[in-house]
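Following: one structure in structure tokens, then a few remarks.
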Amino acid sequence: SEEPTEAPSEEPTEAPSEEPTEAPSEEPTEAPSEEPTETETEPLPTDSGIEVTETDFVKPIEVLKATWEIGNRSAFAGDTNVKVPVSVTADDAAALTINAFDFKLNIQDGPVYKGFEWGTAYDLMVDKQNNGLQFMGENAGGPDVEAKNGSSVIILNFDIPADLKPGRYTITFDGEVKAIRLNTNEVDVEEINGYINVLPPDISVTTVEYQYNVEGKSKFYFAHDNRPFNLNDLLSMATLRRREIYSDDTVSDWTIANEFEGVTFKLADQTIDVDGRTFTLTADEAATPKGIYDATILPIVDPKEENRNAYFRRTLKFTIEETDDVTVRFVKVTGQDADGNDIVEDADAVTGDVFIGVKGDTSLNGQPNAYDAALILRYAADYGANKKPSIYPEDDEMMEKFVYFLSDVTTESEDHGVHDSYSNVSSESNPLNAQDASYILVYAAKFGANQKPDWYRILPEPLPKYTKEIGAADGNNDRN
């Protein structure tokens with residue numbers, strides 16, 4: 001009699017109070033918790049009674065988004081060679097990095113399409129072609145190619161007939177733009193159409209406004225670079241936009257300011273302090289990295305001292321030079337009026353963090369020598385031993401990248417070895433190696449023999465980007 005009464009009194013009370021949901025859910029909850037990998041490869045049947053969502057087992061694929069934009073430009077009847085860019089922008093550099101693209105355009109009757117030229121965005125793609133107004137590019141067999149944000153994919157050329165009526169003539173995308181990454185998902189592309197605005201003959205462009213809504217980026221330069229500062233170096237072109245104001249007070253839409261438009265970008269007059277010394281920099285006297293370095297740093301360089309301060313690092317102001325017949329000004333958009341028009345006010349010149357140092361000078365004492373080569377060899381050895389070394393002794397991310405740039409004489413990487421100076425993914429896991437050290441020793445030996453060493457002649461083909469461009473600008477056509 002004791003056993004029958006105990007069985008019904010203990011078990012019924014335990015079942016509903018302690019495990020009310022266990023009876024129906026024991027097996028289903030165990031399946032995903034104990035063997036999650038099996039449910040990924042062997043989906044449960046639809047009649048199992050268990051609700052399984054995609055997010056339970058599948059990691060969401062990151063959606064990469066980019067904007068492909070056809071520009072807008074003004075022209076007059078009778079104008080020739082009117083250029084309209086098709087540009088690409090994105091917040092994430094991964095969305096600018098693709099292996100192939102394919103898009104088609106429609107052009108409204110009126111302006112006469114004369115052809116196109118390839119822009120700078122994907123100039124490293126090995127196979128680019130067009131079929132009428134369908135444009136395709138592919139880096140078949142090669143890696144993804146990264147475009148500079150805001151750069152042009154193609155540039156369309158038009159002639160405007162002398163009898164064409166004033167008005168807007170549209171240039172539109174015909175369908176979707178396909179931007180494909182290697183071994184992964186496509187980029188989600190937003191298409192923005194453009195136009196040519198043919199102006200009446202009694203209307204003129206009075207002002208060009210430039211809107212730049214972020215600070216300029218950091219840029220590394222070599223102390224022997226005697227080229228004027230370049231707009232593309234200091235600005236992300238995607239965030240520099242332009243519009244025109246006409247003599248009848250109408251305005252164009254904002255559109256990307258592209259690299260081909262010949263905007264002259266110059267150093268703004270300013271006063272800076274370097275180690276307690278005051279310098280006045282002007283566009284005429286310090287228009288180049290070499291000019292700034294020679295004026296501010298070269299006088300304090302002592303190659304015999306390991307002072308590690310023979311470099312320039314300052315935030316500088318830059319502005320756009322006006323032309324004779326058009327006012328050019330920087331503005332910022334502060335809001336919109338009741339009609340939806342942008343309210344703008346004058347803005348300061350754009351700023352950029354400028355780093356200038358001697359190529360090959362790892363120790364930052366102003367002169368490449370055997371000590372710099374030794375520092376590189378030590379870095380390479382530590383890297384090979386998985387010690388995660390630093391080429392700059394202090395905790396400063398930008399200085400680490402800057403000194404790496406100066407030391408990487410063969411590829412001139414600006415992002416600590418991820419890409420070379422041509423934006424190609426580096427072929428080696430650590431481009432900073434014994435080869436760089438050996439060329440620094442060659443440079444030091446020539447300097448010691450009073451031979452005026454030149455990186456343009458010391459390094460082998462193919463030359464890294466900046467050495468090649470600086471040498472060409474200096475007229476060094478003979479590398480012997």
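Every chain in the structure tokens takes a letter, A first, then B, and so on in the order presented; its residues are numbered from 1, and the ligands are numbered from 1 following the presented order.
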
Exercise. Residues of stretch 354-392 of chain A in helix (DSSP H, G or I) according to DSSP, as a list in words?
Worked result: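 Written out, the helix (DSSP H, G or I) residues of stretch 354-392 of chain A are Ala370, Tyr371, Asp372, Ala373, Ala374, Leu375, Ile376, Leu377, Arg378, Tyr379, Ala380, Ala381, Asp382, Tyr383 and Gly384 of chain A.
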
Exercise. Any idea what the distance is between atom CA of A:Asp233 and atom CA of A:Ala473?
Worked result: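 Interatomic distance, atom CA of A:Asp233 to atom CA of A:Ala473: 16.3 Å.
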
Problem set entry | Test item: residues at most 10 Å from stretch 280-287 of chain A, only C-alpha atoms, excluding those fewer than 3 positions along its chain, as a ChimeraX atom specification | /A:226-229,265-273,290-296,316,318-319

The selected residues should be written to file as a short mmCIF file (atom, residue, chain, number, x, y, z; two decimals), in the first residue's frame (atoms: C-alpha atoms).
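And here's again_19.cif as it stands now:
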```cif
data_model
loop_
_atom_site.label_atom_id
_atom_site.label_comp_id
_atom_site.auth_asym_id
_atom_site.auth_seq_id
_atom_site.Cartn_x
_atom_site.Cartn_y
_atom_site.Cartn_z
CA ASN A 226 59.39 68.36 -56.13
CA ARG A 227 55.92 68.00 -57.66
CA PRO A 228 53.10 70.36 -56.61
CA PHE A 229 50.62 68.96 -54.12
CA PHE A 265 44.95 72.74 -55.75
CA LYS A 266 47.48 74.81 -53.83
CA LEU A 267 48.88 75.31 -50.38
CA ALA A 268 47.13 78.09 -48.48
CA ASP A 269 49.32 80.76 -46.87
CA GLN A 270 49.82 79.81 -43.22
CA THR A 271 52.16 79.99 -40.27
CA ILE A 272 53.37 76.82 -38.53
CA ASP A 273 55.63 75.99 -35.62
CA LYS A 290 60.52 69.12 -51.11
CA GLY A 291 59.94 72.85 -50.62
CA ILE A 292 58.39 72.33 -47.18
CA TYR A 293 61.03 69.80 -46.08
CA ASP A 294 63.92 71.97 -47.25
CA ALA A 295 62.51 75.03 -45.48
CA THR A 296 61.58 73.45 -42.16
CA LEU A 316 48.28 71.94 -43.45
CA PHE A 318 44.99 73.80 -48.90
CA THR A 319 42.70 75.71 -51.19
#
```

Exercise. Do you know which residues are at most 12 Å from A:Glu190 counting only C-alpha atoms, after dropping those on the same chain fewer than 3 positions away, and could you put them as a PyMOL selection string?
Worked result: chain A and resi 64-70+87-90+95+173+175-179+187+193

Could the residues in this selection be saved with N, CA and C atoms as a compact mmCIF listing (two decimals), in the first residue's frame?
```
# COMPACT_ATOMS: atom_id res chain seq x y z
N LEU A 64 27.61 44.52 -49.31
CA LEU A 64 28.48 45.63 -49.69
C LEU A 64 27.72 46.56 -50.63
N LYS A 65 27.75 47.85 -50.33
CA LYS A 65 26.98 48.81 -51.11
C LYS A 65 27.88 49.87 -51.71
N ALA A 66 27.66 50.15 -52.98
CA ALA A 66 28.41 51.19 -53.68
C ALA A 66 27.44 52.01 -54.52
N THR A 67 27.88 53.20 -54.90
CA THR A 67 27.09 54.07 -55.77
C THR A 67 27.86 54.30 -57.06
N TRP A 68 27.23 54.03 -58.18
CA TRP A 68 27.79 54.34 -59.49
C TRP A 68 27.00 55.53 -60.03
N GLU A 69 27.70 56.63 -60.29
CA GLU A 69 27.04 57.90 -60.58
C GLU A 69 27.50 58.48 -61.91
N ILE A 70 26.53 58.81 -62.76
CA ILE A 70 26.81 59.55 -63.99
C ILE A 70 26.80 61.04 -63.63
N SER A 87 31.30 57.59 -62.28
CA SER A 87 32.20 57.41 -61.14
C SER A 87 31.63 56.41 -60.15
N VAL A 88 32.51 55.90 -59.27
CA VAL A 88 32.10 54.93 -58.26
C VAL A 88 32.51 55.44 -56.88
N THR A 89 31.59 55.33 -55.93
CA THR A 89 31.86 55.73 -54.55
C THR A 89 31.31 54.67 -53.61
N ALA A 90 31.87 54.63 -52.41
CA ALA A 90 31.39 53.70 -51.38
C ALA A 90 31.96 54.11 -50.03
N ALA A 95 33.64 47.52 -51.06
CA ALA A 95 32.66 47.67 -52.13
C ALA A 95 33.27 48.30 -53.37
N PHE A 173 21.48 54.99 -66.79
CA PHE A 173 21.84 53.58 -66.80
C PHE A 173 20.68 52.78 -67.39
N GLY A 175 19.26 49.51 -67.03
CA GLY A 175 19.29 48.32 -66.18
C GLY A 175 20.28 48.50 -65.04
N GLU A 176 20.61 47.39 -64.41
CA GLU A 176 21.45 47.41 -63.22
C GLU A 176 22.93 47.37 -63.57
N VAL A 177 23.72 47.98 -62.70
CA VAL A 177 25.18 47.85 -62.79
C VAL A 177 25.58 46.59 -62.05
N LYS A 178 26.35 45.74 -62.71
CA LYS A 178 26.86 44.54 -62.06
C LYS A 178 28.32 44.77 -61.66
N ALA A 179 28.58 44.68 -60.36
CA ALA A 179 29.94 44.82 -59.83
C ALA A 179 30.22 43.56 -59.03
N VAL A 187 28.29 43.22 -55.43
CA VAL A 187 28.09 44.47 -54.70
C VAL A 187 26.70 45.00 -55.02
N ASN A 193 21.65 58.67 -62.18
CA ASN A 193 21.73 59.13 -63.56
C ASN A 193 22.24 60.56 -63.65
```

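For the atom pair formed by atom CA of A:Arg73 and atom CA of A:Tyr195, the distance is 6.7 Å, given to one decimal.
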
For this session: Using only C-alpha atoms, find the one residue out of A:Val358, A:Met398, A:Ile171, A:Ile160 that sits nearest to A:Leu105.
Result: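 Among the listed residues, the smallest separation from A:Leu105 belongs to A:Ile171.
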
Problem set entry | Distance in Å - atom CA of A:Phe135 versus atom CA of A:Leu199 | 29.2 Å

Problem set entry | Among the residues A:Val442, A:Thr278, A:Tyr221, A:Glu244, the one that comes closest to A:Ile356 [using only C-alpha atoms] |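 Between A:Val442, A:Thr278, A:Tyr221, A:Glu244, the residue approaching A:Ile356 most closely is A:Tyr221.
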
For this session: From a DSSP calculation on the backbone, collect every residue of stretch 66-298 of chain A in strand (DSSP E) and output the set as an NGL selection string.
Result: :A and (66-70 or 72-76 or 82-89 or 97-98 or 100-107 or 112-118 or 127-131 or 134-138 or 145-146 or 152-159 or 167-173 or 178-180 or 188-192 or 194-199 or 205-212 or 219-222 or 240-246 or 255-256 or 265-267 or 270-274 or 277-281)

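Remark: for A:Asp342, the closest of the candidate residues A:Asp92, A:Asp253, A:Glu146, A:Glu117 is A:Asp253 (distances computed over only C-alpha atoms).
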
Problem set entry | Near-A:Leu124 list (9 Å; only C-alpha atoms; drop same-chain fewer than 4 positions) as a VMD selection string | chain A and resid 120 139 145 to 146 422 424

What does the file look like for those residues with all heavy atoms, as a short mmCIF file (atom, residue, chain, number, x, y, z; two decimals), in the first residue's frame?
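This is the output file out-v8.cif:
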```cif
data_model
loop_
_atom_site.label_atom_id
_atom_site.label_comp_id
_atom_site.auth_asym_id
_atom_site.auth_seq_id
_atom_site.Cartn_x
_atom_site.Cartn_y
_atom_site.Cartn_z
N THR A 120 40.28 56.20 -64.25
CA THR A 120 41.34 55.69 -63.39
C THR A 120 40.87 54.64 -62.39
O THR A 120 41.70 54.01 -61.74
CB THR A 120 41.97 56.85 -62.59
OG1 THR A 120 40.95 57.47 -61.78
CG2 THR A 120 42.57 57.88 -63.54
N ASN A 139 39.17 41.28 -64.47
CA ASN A 139 40.56 40.95 -64.16
C ASN A 139 40.69 39.43 -64.14
O ASN A 139 41.03 38.82 -63.12
CB ASN A 139 41.00 41.55 -62.84
CG ASN A 139 42.49 41.79 -62.76
OD1 ASN A 139 43.11 42.12 -63.77
ND2 ASN A 139 43.07 41.63 -61.60
N VAL A 145 40.40 44.24 -57.93
CA VAL A 145 41.06 45.52 -58.14
C VAL A 145 40.31 46.58 -57.34
O VAL A 145 39.09 46.69 -57.43
CB VAL A 145 41.09 45.90 -59.64
CG1 VAL A 145 41.68 47.29 -59.82
CG2 VAL A 145 41.89 44.87 -60.43
N GLU A 146 41.04 47.37 -56.56
CA GLU A 146 40.42 48.40 -55.73
C GLU A 146 40.47 49.75 -56.43
O GLU A 146 41.53 50.19 -56.89
CB GLU A 146 41.12 48.50 -54.38
CG GLU A 146 40.49 49.55 -53.46
CD GLU A 146 41.17 49.63 -52.11
OE1 GLU A 146 42.00 48.73 -51.80
OE2 GLU A 146 40.88 50.58 -51.35
N TYR A 422 50.81 50.93 -56.18
CA TYR A 422 49.85 50.92 -57.28
C TYR A 422 48.49 50.39 -56.84
O TYR A 422 47.63 50.09 -57.67
CB TYR A 422 50.37 50.06 -58.43
CG TYR A 422 51.56 50.66 -59.15
CD1 TYR A 422 52.85 50.24 -58.87
CD2 TYR A 422 51.39 51.66 -60.09
CE1 TYR A 422 53.95 50.79 -59.53
CE2 TYR A 422 52.47 52.21 -60.76
CZ TYR A 422 53.75 51.77 -60.47
OH TYR A 422 54.83 52.33 -61.12
N ASN A 424 47.87 47.53 -55.72
CA ASN A 424 47.80 46.08 -55.84
C ASN A 424 48.00 45.44 -54.48
O ASN A 424 48.79 45.92 -53.66
CB ASN A 424 48.89 45.55 -56.79
CG ASN A 424 48.65 45.96 -58.22
OD1 ASN A 424 47.53 45.93 -58.71
ND2 ASN A 424 49.71 46.38 -58.89
#
```

Report as a tab-separated table: every residue of stretch 319-399 of chain A with an atom at most 8 Å from stretch 429-438 of chain A, its closest pair of atoms, and their distance in Å to one decimal, counting only C-alpha atoms, with rows sorted by chain and ascending residue number.
```
residue	atom	partner	partner_atom	distance
A:Asp372	CA	A:Ala437	CA	7.5
A:Ala373	CA	A:Ala437	CA	4.3
A:Ala374	CA	A:Ala437	CA	7.2
A:Ile376	CA	A:Ala437	CA	6.1
A:Leu377	CA	A:Ala434	CA	5.8
A:Tyr379	CA	A:Asn433	CA	7.9
A:Ala380	CA	A:Asn433	CA	5.3
A:Tyr383	CA	A:Asn430	CA	7.7
```
